[in-house]
Every structure is written in structure tokens, then in C-alpha cells.
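Reading through the C-alpha cells given below for one structure.
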Amino acid sequence: MDVAFADDQMRARTGHAAHNLAVLRHITLNLVRLDPIPRKGGIKARRLIAATSDSYRAQLLELT
């Protein structure tokens with residue numbers, strides 16, 4: 001998780017924020033890993049593509 005999301009630099013420390021964000025990161029990581037179309041690059045590259053491409057993000061969320 002640290003490599004893909006820079007988890008050590010996380011600043012959420014109040015209440016349940018750290019745990020809630022960790023759950024969201026796990027969901028995101030699983031969605032990116034289960035991408036049915038093989039793509040070049042690692043998890044970081046796929047996250048960048050998902051952040052910038054609406055069509056790829058919709059495909060990951062199975063909205064299309």
C-alpha cells in the first residue's frame with residue numbers, strides 16, 4: 001500500500017479518518033488490480049490513468 005499510495009506520508013490522524021481512508025485505498029487498489037484489459041505500467045500508472053480518464057474510470061467501475 002505504501003508504494004502505490006504513499007501511505008507513510010498520510011496526515012489523517014483524527015478519529016477514524018485513517019481507517020476510513022485505508023478502506024477506500026484498498027477498494028481502489030482492488031479495482032485497479034482487477035482491470036480486465038492488460039495495460040503497460042504498474043499500479044501507479046493505472047491510478048494516474050484512472051485519475052485523468054473518465055472512460056477508463058467508468059470501465060473500472062463497470063459503468064459502461
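By order of appearance in the C-alpha cells: chains A, B, ..., then residues from 1 within every chain, and ligands from 1 in the order shown.
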Got a sec: who's within 8 Å of stretch 29-31 of chain A, counting only C-alpha atoms, leaving out chain neighbours fewer than 2 positions off, as a PyMOL selection string?
chain A and resi 25-27+33-35+43+60-61
Looking at A:Leu63, A:Thr14, A:Ala22, A:Val32, which one is nearest to A:Ala50, with distances taken over only C-alpha atoms?
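Result for the nearest residue to A:Ala50: A:Val32.
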Mind listing the helix (DSSP H, G or I) residues of stretch 11-47 of chain A, per DSSP on the backbone, as a list in words?
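After running DSSP on the backbone, stretch 11-47 of chain A has helix (DSSP H, G or I) at Ala17, Ala18, His19, Asn20, Leu21, Ala22, Val23, Leu24, Arg25, His26, Ile27, Thr28, Leu29, Asn30, Leu31, Val32, Arg33, Ile43, Lys44, Ala45, Arg46 and Arg47 of chain A.
Picture a line from atom CA of A:Pro38 to atom CA of A:Val23; it runs 24.9 Å.
Our summary of the geometry notes that atom CA of A:Arg47 is positioned 20.5 Å from atom CA of A:His19.
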Hey, can you check how far atom CA of A:Ala45 sits from atom CA of A:Ala58?
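So the two atoms, atom CA of A:Ala45 and atom CA of A:Ala58, lie 16.6 Å apart.
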